[in-house]
Structures are given as structure tokens and as C-alpha cells.
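Following: one structure in C-alpha cells, then a few remarks.
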Amino acid sequence: LEVIRSSSLDLLSFINTILNYAVIESKGIKIQKESKDINQLVDLVVAKLDFHLQKKHISLEKELEPLFPVSVDPHLIMQALTNLVENAIKYSPENTRIKIRSQEIDGMIRIQVSDEGPG
């Protein structure tokens, strides 16, 4: 049941992503900015994808620098982060490691997702 539930959520996420791309391309996107801690959004994405990490025996290491809250659209940021981490899981061999790093550089926030896949 958990696999079916997870697959259904993945399919829903995929459909929503396609719909969002269509909205973006039609220039009808409305950004809903909120003050958020990016590291908390990273934690939510990692928690959501934990089942997939465990399934492939992939460990996830976080190096999250303490950051200041920033004005972002949390849904769009979570979509982008989910896409990056899902791709890292998809293309990583079993028993490898994915690393997520956040850092503040010159007043900007950088999020880096790296894996041990072939790309």
C-alpha cells in the first residue's frame, strides 16, 4: 500500500509539474512570496523522498549553513528542490550518497545537490 500511495503522489507531482510549466510558458504564473527558511524547505523535501532513498539504500548528507529567512514562493522552490533530489535518486546507483548543501554567498543563497551517479 505504501508503494501505491507513493507512486500516486509521484504521479500527482509529475502532473502538477507539467501544469506549472504550461502556466509558466503562458506567462500566467503568479508568484506567492512568503518569508521562509530555505533549509526548512530542504528538510521537507528530504522527508517527502525518504522512502525512495531507503528503497535504493542511498544515504543523504545535508550540509546546511544557518541562513536568514528570504522572500520566496515556497511551492516553486520545493518543486525545484524535489526535481533535483528526485533526479539524484533516480540516476544514483544503489548504496551511494547524495549531498545537499546550502550556503550564503554575497547576499545570495546557493543550494547544491550532488550525487554519485554517472552524470
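As shown in the C-alpha cells, the chain order sets the letters A, B, ...; within each chain, residues go from 1, and ligands are also counted from 1 in the order they appear.
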| task | Write out as number ranges by chain which residues come within 12 Å of Leu53 in chain A when counting only C-alpha atoms, dropping same-chain ones fewer than 2 positions away. | result | A: 45-51, 55-61, 85-98
Helix (DSSP H, G or I) call set, DSSP backbone run, range 9-50 of chain A, as a JSON list (two decimals) with all heavy atoms, in the first residue's frame:
[["chain", "number", "residue", "atom", "x", "y", "z"],
["A", 9, "LEU", "N", 1.39, 9.67, -5.36],
["A", 9, "LEU", "CA", 1.89, 11.02, -5.05],
["A", 9, "LEU", "C", 2.91, 11.48, -6.08],
["A", 9, "LEU", "O", 2.93, 12.65, -6.46],
["A", 9, "LEU", "CB", 2.47, 11.05, -3.64],
["A", 9, "LEU", "CG", 1.47, 10.89, -2.50],
["A", 9, "LEU", "CD1", 2.19, 10.80, -1.15],
["A", 9, "LEU", "CD2", 0.47, 12.04, -2.49],
["A", 10, "ASP", "N", 3.77, 10.56, -6.53],
["A", 10, "ASP", "CA", 4.75, 10.90, -7.56],
["A", 10, "ASP", "C", 4.05, 11.30, -8.86],
["A", 10, "ASP", "O", 4.44, 12.26, -9.52],
["A", 10, "ASP", "CB", 5.69, 9.72, -7.84],
["A", 10, "ASP", "CG", 6.66, 9.48, -6.72],
["A", 10, "ASP", "OD1", 6.85, 10.38, -5.87],
["A", 10, "ASP", "OD2", 7.26, 8.38, -6.69],
["A", 11, "LEU", "N", 3.02, 10.55, -9.24],
["A", 11, "LEU", "CA", 2.27, 10.85, -10.44],
["A", 11, "LEU", "C", 1.58, 12.21, -10.32],
["A", 11, "LEU", "O", 1.62, 13.02, -11.25],
["A", 11, "LEU", "CB", 1.25, 9.75, -10.74],
["A", 11, "LEU", "CG", 0.41, 9.92, -12.00],
["A", 11, "LEU", "CD1", 1.31, 10.02, -13.24],
["A", 11, "LEU", "CD2", -0.56, 8.76, -12.14],
["A", 12, "LEU", "N", 0.98, 12.46, -9.17],
["A", 12, "LEU", "CA", 0.34, 13.76, -8.93],
["A", 12, "LEU", "C", 1.35, 14.89, -9.03],
["A", 12, "LEU", "O", 1.10, 15.92, -9.66],
["A", 12, "LEU", "CB", -0.34, 13.77, -7.56],
["A", 12, "LEU", "CG", -1.01, 15.08, -7.16],
["A", 12, "LEU", "CD1", -2.13, 15.44, -8.12],
["A", 12, "LEU", "CD2", -1.53, 14.98, -5.73],
["A", 13, "SER", "N", 2.52, 14.69, -8.44],
["A", 13, "SER", "CA", 3.59, 15.69, -8.50],
["A", 13, "SER", "C", 4.01, 15.94, -9.95],
["A", 13, "SER", "O", 4.21, 17.08, -10.37],
["A", 13, "SER", "CB", 4.77, 15.24, -7.66],
["A", 13, "SER", "OG", 5.85, 16.11, -7.82],
["A", 14, "PHE", "N", 4.15, 14.87, -10.72],
["A", 14, "PHE", "CA", 4.54, 14.97, -12.13],
["A", 14, "PHE", "C", 3.50, 15.76, -12.92],
["A", 14, "PHE", "O", 3.83, 16.66, -13.70],
["A", 14, "PHE", "CB", 4.74, 13.57, -12.71],
["A", 14, "PHE", "CG", 5.15, 13.57, -14.15],
["A", 14, "PHE", "CD1", 6.40, 14.01, -14.53],
["A", 14, "PHE", "CD2", 4.28, 13.11, -15.12],
["A", 14, "PHE", "CE1", 6.79, 14.01, -15.86],
["A", 14, "PHE", "CE2", 4.65, 13.11, -16.45],
["A", 14, "PHE", "CZ", 5.90, 13.55, -16.82],
["A", 15, "ILE", "N", 2.23, 15.44, -12.70],
["A", 15, "ILE", "CA", 1.14, 16.15, -13.40],
["A", 15, "ILE", "C", 1.13, 17.63, -13.02],
["A", 15, "ILE", "O", 1.01, 18.50, -13.88],
["A", 15, "ILE", "CB", -0.22, 15.48, -13.10],
["A", 15, "ILE", "CG1", -0.28, 14.11, -13.77],
["A", 15, "ILE", "CG2", -1.38, 16.36, -13.56],
["A", 15, "ILE", "CD1", -1.44, 13.25, -13.33],
["A", 16, "ASN", "N", 1.30, 17.91, -11.73],
["A", 16, "ASN", "CA", 1.33, 19.31, -11.29],
["A", 16, "ASN", "C", 2.51, 20.05, -11.88],
["A", 16, "ASN", "O", 2.40, 21.23, -12.23],
["A", 16, "ASN", "CB", 1.36, 19.38, -9.76],
["A", 16, "ASN", "CG", 0.01, 19.09, -9.15],
["A", 16, "ASN", "OD1", -1.03, 19.29, -9.78],
["A", 16, "ASN", "ND2", 0.01, 18.59, -7.93],
["A", 17, "THR", "N", 3.65, 19.38, -12.01],
["A", 17, "THR", "CA", 4.82, 20.00, -12.62],
["A", 17, "THR", "C", 4.54, 20.37, -14.07],
["A", 17, "THR", "O", 4.87, 21.47, -14.52],
["A", 17, "THR", "CB", 6.03, 19.06, -12.53],
["A", 17, "THR", "OG1", 6.30, 18.80, -11.15],
["A", 17, "THR", "CG2", 7.26, 19.67, -13.18],
["A", 18, "ILE", "N", 3.93, 19.45, -14.81],
["A", 18, "ILE", "CA", 3.59, 19.73, -16.21],
["A", 18, "ILE", "C", 2.63, 20.90, -16.30],
["A", 18, "ILE", "O", 2.79, 21.80, -17.14],
["A", 18, "ILE", "CB", 2.98, 18.47, -16.88],
["A", 18, "ILE", "CG1", 4.07, 17.40, -17.05],
["A", 18, "ILE", "CG2", 2.37, 18.82, -18.24],
["A", 18, "ILE", "CD1", 3.55, 16.07, -17.51],
["A", 19, "LEU", "N", 1.63, 20.93, -15.43],
["A", 19, "LEU", "CA", 0.68, 22.04, -15.42],
["A", 19, "LEU", "C", 1.38, 23.36, -15.09],
["A", 19, "LEU", "O", 1.09, 24.40, -15.70],
["A", 19, "LEU", "CB", -0.45, 21.77, -14.43],
["A", 19, "LEU", "CG", -1.42, 20.65, -14.81],
["A", 19, "LEU", "CD1", -2.38, 20.36, -13.66],
["A", 19, "LEU", "CD2", -2.17, 20.98, -16.08],
["A", 20, "ASN", "N", 2.30, 23.33, -14.14],
["A", 20, "ASN", "CA", 3.03, 24.55, -13.78],
["A", 20, "ASN", "C", 3.89, 25.03, -14.94],
["A", 20, "ASN", "O", 4.00, 26.24, -15.18],
["A", 20, "ASN", "CB", 3.89, 24.33, -12.54],
["A", 20, "ASN", "CG", 3.06, 24.35, -11.28],
["A", 20, "ASN", "OD1", 1.99, 24.93, -11.25],
["A", 20, "ASN", "ND2", 3.56, 23.71, -10.24],
["A", 21, "TYR", "N", 4.53, 24.10, -15.68],
["A", 21, "TYR", "CA", 5.32, 24.50, -16.84],
["A", 21, "TYR", "C", 4.43, 25.18, -17.88],
["A", 21, "TYR", "O", 4.83, 26.17, -18.49],
["A", 21, "TYR", "CB", 6.03, 23.31, -17.47],
["A", 21, "TYR", "CG", 7.20, 22.80, -16.67],
["A", 21, "TYR", "CD1", 7.47, 21.45, -16.60],
["A", 21, "TYR", "CD2", 8.04, 23.66, -15.99],
["A", 21, "TYR", "CE1", 8.54, 20.96, -15.87],
["A", 21, "TYR", "CE2", 9.10, 23.19, -15.25],
["A", 21, "TYR", "CZ", 9.35, 21.84, -15.20],
["A", 21, "TYR", "OH", 10.40, 21.36, -14.47],
["A", 22, "ALA", "N", 3.22, 24.65, -18.08],
["A", 22, "ALA", "CA", 2.30, 25.25, -19.03],
["A", 22, "ALA", "C", 1.93, 26.67, -18.59],
["A", 22, "ALA", "O", 1.87, 27.59, -19.41],
["A", 22, "ALA", "CB", 1.05, 24.39, -19.17],
["A", 23, "VAL", "N", 1.70, 26.86, -17.30],
["A", 23, "VAL", "CA", 1.36, 28.19, -16.78],
["A", 23, "VAL", "C", 2.54, 29.13, -16.95],
["A", 23, "VAL", "O", 2.38, 30.28, -17.37],
["A", 23, "VAL", "CB", 0.94, 28.10, -15.29],
["A", 23, "VAL", "CG1", 0.83, 29.48, -14.68],
["A", 23, "VAL", "CG2", -0.38, 27.36, -15.17],
["A", 24, "ILE", "N", 3.75, 28.65, -16.64],
["A", 24, "ILE", "CA", 4.95, 29.48, -16.78],
["A", 24, "ILE", "C", 5.14, 29.90, -18.24],
["A", 24, "ILE", "O", 5.40, 31.07, -18.54],
["A", 24, "ILE", "CB", 6.20, 28.74, -16.26],
["A", 24, "ILE", "CG1", 6.13, 28.61, -14.74],
["A", 24, "ILE", "CG2", 7.48, 29.44, -16.70],
["A", 24, "ILE", "CD1", 7.17, 27.68, -14.14],
["A", 25, "GLU", "N", 4.99, 28.94, -19.16],
["A", 25, "GLU", "CA", 5.18, 29.25, -20.58],
["A", 25, "GLU", "C", 4.13, 30.23, -21.09],
["A", 25, "GLU", "O", 4.40, 31.01, -22.00],
["A", 25, "GLU", "CB", 5.17, 27.96, -21.40],
["A", 25, "GLU", "CG", 6.44, 27.15, -21.22],
["A", 25, "GLU", "CD", 6.45, 25.88, -22.05],
["A", 25, "GLU", "OE1", 5.48, 25.61, -22.78],
["A", 25, "GLU", "OE2", 7.45, 25.16, -21.96],
["A", 38, "ILE", "N", 15.02, 28.56, 3.80],
["A", 38, "ILE", "CA", 15.25, 27.58, 2.73],
["A", 38, "ILE", "C", 15.62, 26.21, 3.30],
["A", 38, "ILE", "O", 15.21, 25.18, 2.77],
["A", 38, "ILE", "CB", 16.35, 28.08, 1.77],
["A", 38, "ILE", "CG1", 15.91, 29.37, 1.06],
["A", 38, "ILE", "CG2", 16.74, 27.01, 0.77],
["A", 38, "ILE", "CD1", 14.79, 29.21, 0.08],
["A", 39, "ASN", "N", 16.37, 26.19, 4.39],
["A", 39, "ASN", "CA", 16.78, 24.91, 4.98],
["A", 39, "ASN", "C", 15.57, 24.10, 5.45],
["A", 39, "ASN", "O", 15.57, 22.87, 5.36],
["A", 39, "ASN", "CB", 17.74, 25.13, 6.14],
["A", 39, "ASN", "CG", 19.10, 25.61, 5.67],
["A", 39, "ASN", "OD1", 19.49, 25.40, 4.53],
["A", 39, "ASN", "ND2", 19.82, 26.26, 6.56],
["A", 40, "GLN", "N", 14.53, 24.78, 5.92],
["A", 40, "GLN", "CA", 13.32, 24.06, 6.32],
["A", 40, "GLN", "C", 12.64, 23.44, 5.10],
["A", 40, "GLN", "O", 12.11, 22.33, 5.17],
["A", 40, "GLN", "CB", 12.35, 24.99, 7.05],
["A", 40, "GLN", "CG", 12.82, 25.36, 8.43],
["A", 40, "GLN", "CD", 11.88, 26.33, 9.12],
["A", 40, "GLN", "OE1", 11.01, 26.94, 8.50],
["A", 40, "GLN", "NE2", 12.06, 26.47, 10.43],
["A", 41, "LEU", "N", 12.67, 24.14, 3.97],
["A", 41, "LEU", "CA", 12.10, 23.60, 2.74],
["A", 41, "LEU", "C", 12.90, 22.39, 2.28],
["A", 41, "LEU", "O", 12.32, 21.39, 1.83],
["A", 41, "LEU", "CB", 12.05, 24.67, 1.65],
["A", 41, "LEU", "CG", 11.20, 25.91, 1.97],
["A", 41, "LEU", "CD1", 11.26, 26.91, 0.82],
["A", 41, "LEU", "CD2", 9.77, 25.53, 2.28],
["A", 42, "VAL", "N", 14.23, 22.45, 2.40],
["A", 42, "VAL", "CA", 15.08, 21.31, 2.08],
["A", 42, "VAL", "C", 14.70, 20.11, 2.95],
["A", 42, "VAL", "O", 14.53, 18.99, 2.46],
["A", 42, "VAL", "CB", 16.59, 21.64, 2.25],
["A", 42, "VAL", "CG1", 17.45, 20.38, 2.18],
["A", 42, "VAL", "CG2", 17.04, 22.65, 1.20],
["A", 43, "ASP", "N", 14.53, 20.35, 4.24],
["A", 43, "ASP", "CA", 14.16, 19.27, 5.16],
["A", 43, "ASP", "C", 12.82, 18.64, 4.78],
["A", 43, "ASP", "O", 12.66, 17.41, 4.84],
["A", 43, "ASP", "CB", 14.10, 19.78, 6.60],
["A", 43, "ASP", "CG", 15.47, 20.05, 7.19],
["A", 43, "ASP", "OD1", 16.47, 19.45, 6.72],
["A", 43, "ASP", "OD2", 15.56, 20.85, 8.14],
["A", 44, "LEU", "N", 11.85, 19.45, 4.37],
["A", 44, "LEU", "CA", 10.54, 18.92, 3.96],
["A", 44, "LEU", "C", 10.66, 18.05, 2.72],
["A", 44, "LEU", "O", 10.05, 16.98, 2.63],
["A", 44, "LEU", "CB", 9.57, 20.07, 3.69],
["A", 44, "LEU", "CG", 9.07, 20.85, 4.90],
["A", 44, "LEU", "CD1", 8.28, 22.09, 4.46],
["A", 44, "LEU", "CD2", 8.21, 19.96, 5.78],
["A", 45, "VAL", "N", 11.46, 18.49, 1.76],
["A", 45, "VAL", "CA", 11.66, 17.71, 0.53],
["A", 45, "VAL", "C", 12.34, 16.38, 0.85],
["A", 45, "VAL", "O", 11.93, 15.32, 0.36],
["A", 45, "VAL", "CB", 12.47, 18.52, -0.51],
["A", 45, "VAL", "CG1", 12.96, 17.65, -1.65],
["A", 45, "VAL", "CG2", 11.64, 19.68, -1.04],
["A", 46, "VAL", "N", 13.37, 16.43, 1.68],
["A", 46, "VAL", "CA", 14.09, 15.20, 2.05],
["A", 46, "VAL", "C", 13.15, 14.24, 2.77],
["A", 46, "VAL", "O", 13.15, 13.03, 2.48],
["A", 46, "VAL", "CB", 15.33, 15.53, 2.90],
["A", 46, "VAL", "CG1", 15.94, 14.26, 3.49],
["A", 46, "VAL", "CG2", 16.36, 16.28, 2.06],
["A", 47, "ALA", "N", 12.34, 14.74, 3.67],
["A", 47, "ALA", "CA", 11.39, 13.88, 4.39],
["A", 47, "ALA", "C", 10.39, 13.24, 3.43],
["A", 47, "ALA", "O", 10.07, 12.06, 3.56],
["A", 47, "ALA", "CB", 10.67, 14.69, 5.46],
["A", 48, "LYS", "N", 9.96, 14.01, 2.44],
["A", 48, "LYS", "CA", 8.99, 13.50, 1.47],
["A", 48, "LYS", "C", 9.59, 12.38, 0.60],
["A", 48, "LYS", "O", 8.89, 11.46, 0.21],
["A", 48, "LYS", "CB", 8.52, 14.67, 0.59],
["A", 48, "LYS", "CG", 7.47, 14.30, -0.43],
["A", 48, "LYS", "CD", 6.94, 15.52, -1.15],
["A", 48, "LYS", "CE", 7.87, 15.93, -2.26],
["A", 48, "LYS", "NZ", 7.31, 16.92, -3.18],
["A", 50, "ASP", "N", 12.16, 10.38, 1.52],
["A", 50, "ASP", "CA", 12.90, 9.41, 2.33],
["A", 50, "ASP", "C", 12.64, 7.97, 1.92],
["A", 50, "ASP", "O", 13.55, 7.15, 1.88],
["A", 50, "ASP", "CB", 12.57, 9.61, 3.81],
["A", 50, "ASP", "CG", 13.43, 8.72, 4.70],
["A", 50, "ASP", "OD1", 14.67, 8.86, 4.63],
["A", 50, "ASP", "OD2", 12.86, 7.90, 5.45]]
| said: Between A:Asp37, A:Glu2, A:Asp115, A:Glu104, which residue has the minimum interatomic distance to Glu65 in chain A, considering only C-alpha atoms? | reply: A:Glu104
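Compared by their closest atoms to Lys99 in chain A, and using only C-alpha atoms, the residues A:Lys62, A:Asn83, A:His52, A:Val70 rank with A:Lys62 nearest.
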| said: So that I can see what lies close to Gln112 in chain A, please list as a count of residues only the residues with an atom at most 10 Å from it, counting only C-alpha atoms and leaving out residues fewer than 5 positions away in the same chain. | reply: 8
| field | For CA of Glu34 in chain A and CA of Leu64 in chain A, the interatomic separation in Å (one decimal) | value |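 Those two atoms sit 20.2 Å apart.
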| message | At a cut-off of 12 Å, using only C-alpha atoms, what residues contact Ile105 in chain A? Leave out same-chain residues fewer than 3 positions from it and give the result as a PyMOL selection string. | response | chain A and resi 65+67-68+102+108-111
| note | Pro69 in chain A proximity check over A:Ser35, A:Ser7, A:Gln54, A:Ser114, using only C-alpha atoms: winner is A:Ser35
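For the pair CA of Glu116 in chain A and CA of Thr82 in chain A, the interatomic distance is 17.5 Å.
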| Gap from CA of Ser6 in chain A to CA of Gln79 in chain A - Å, one decimal |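 That distance, rounded to one decimal, is 16.3 Å.
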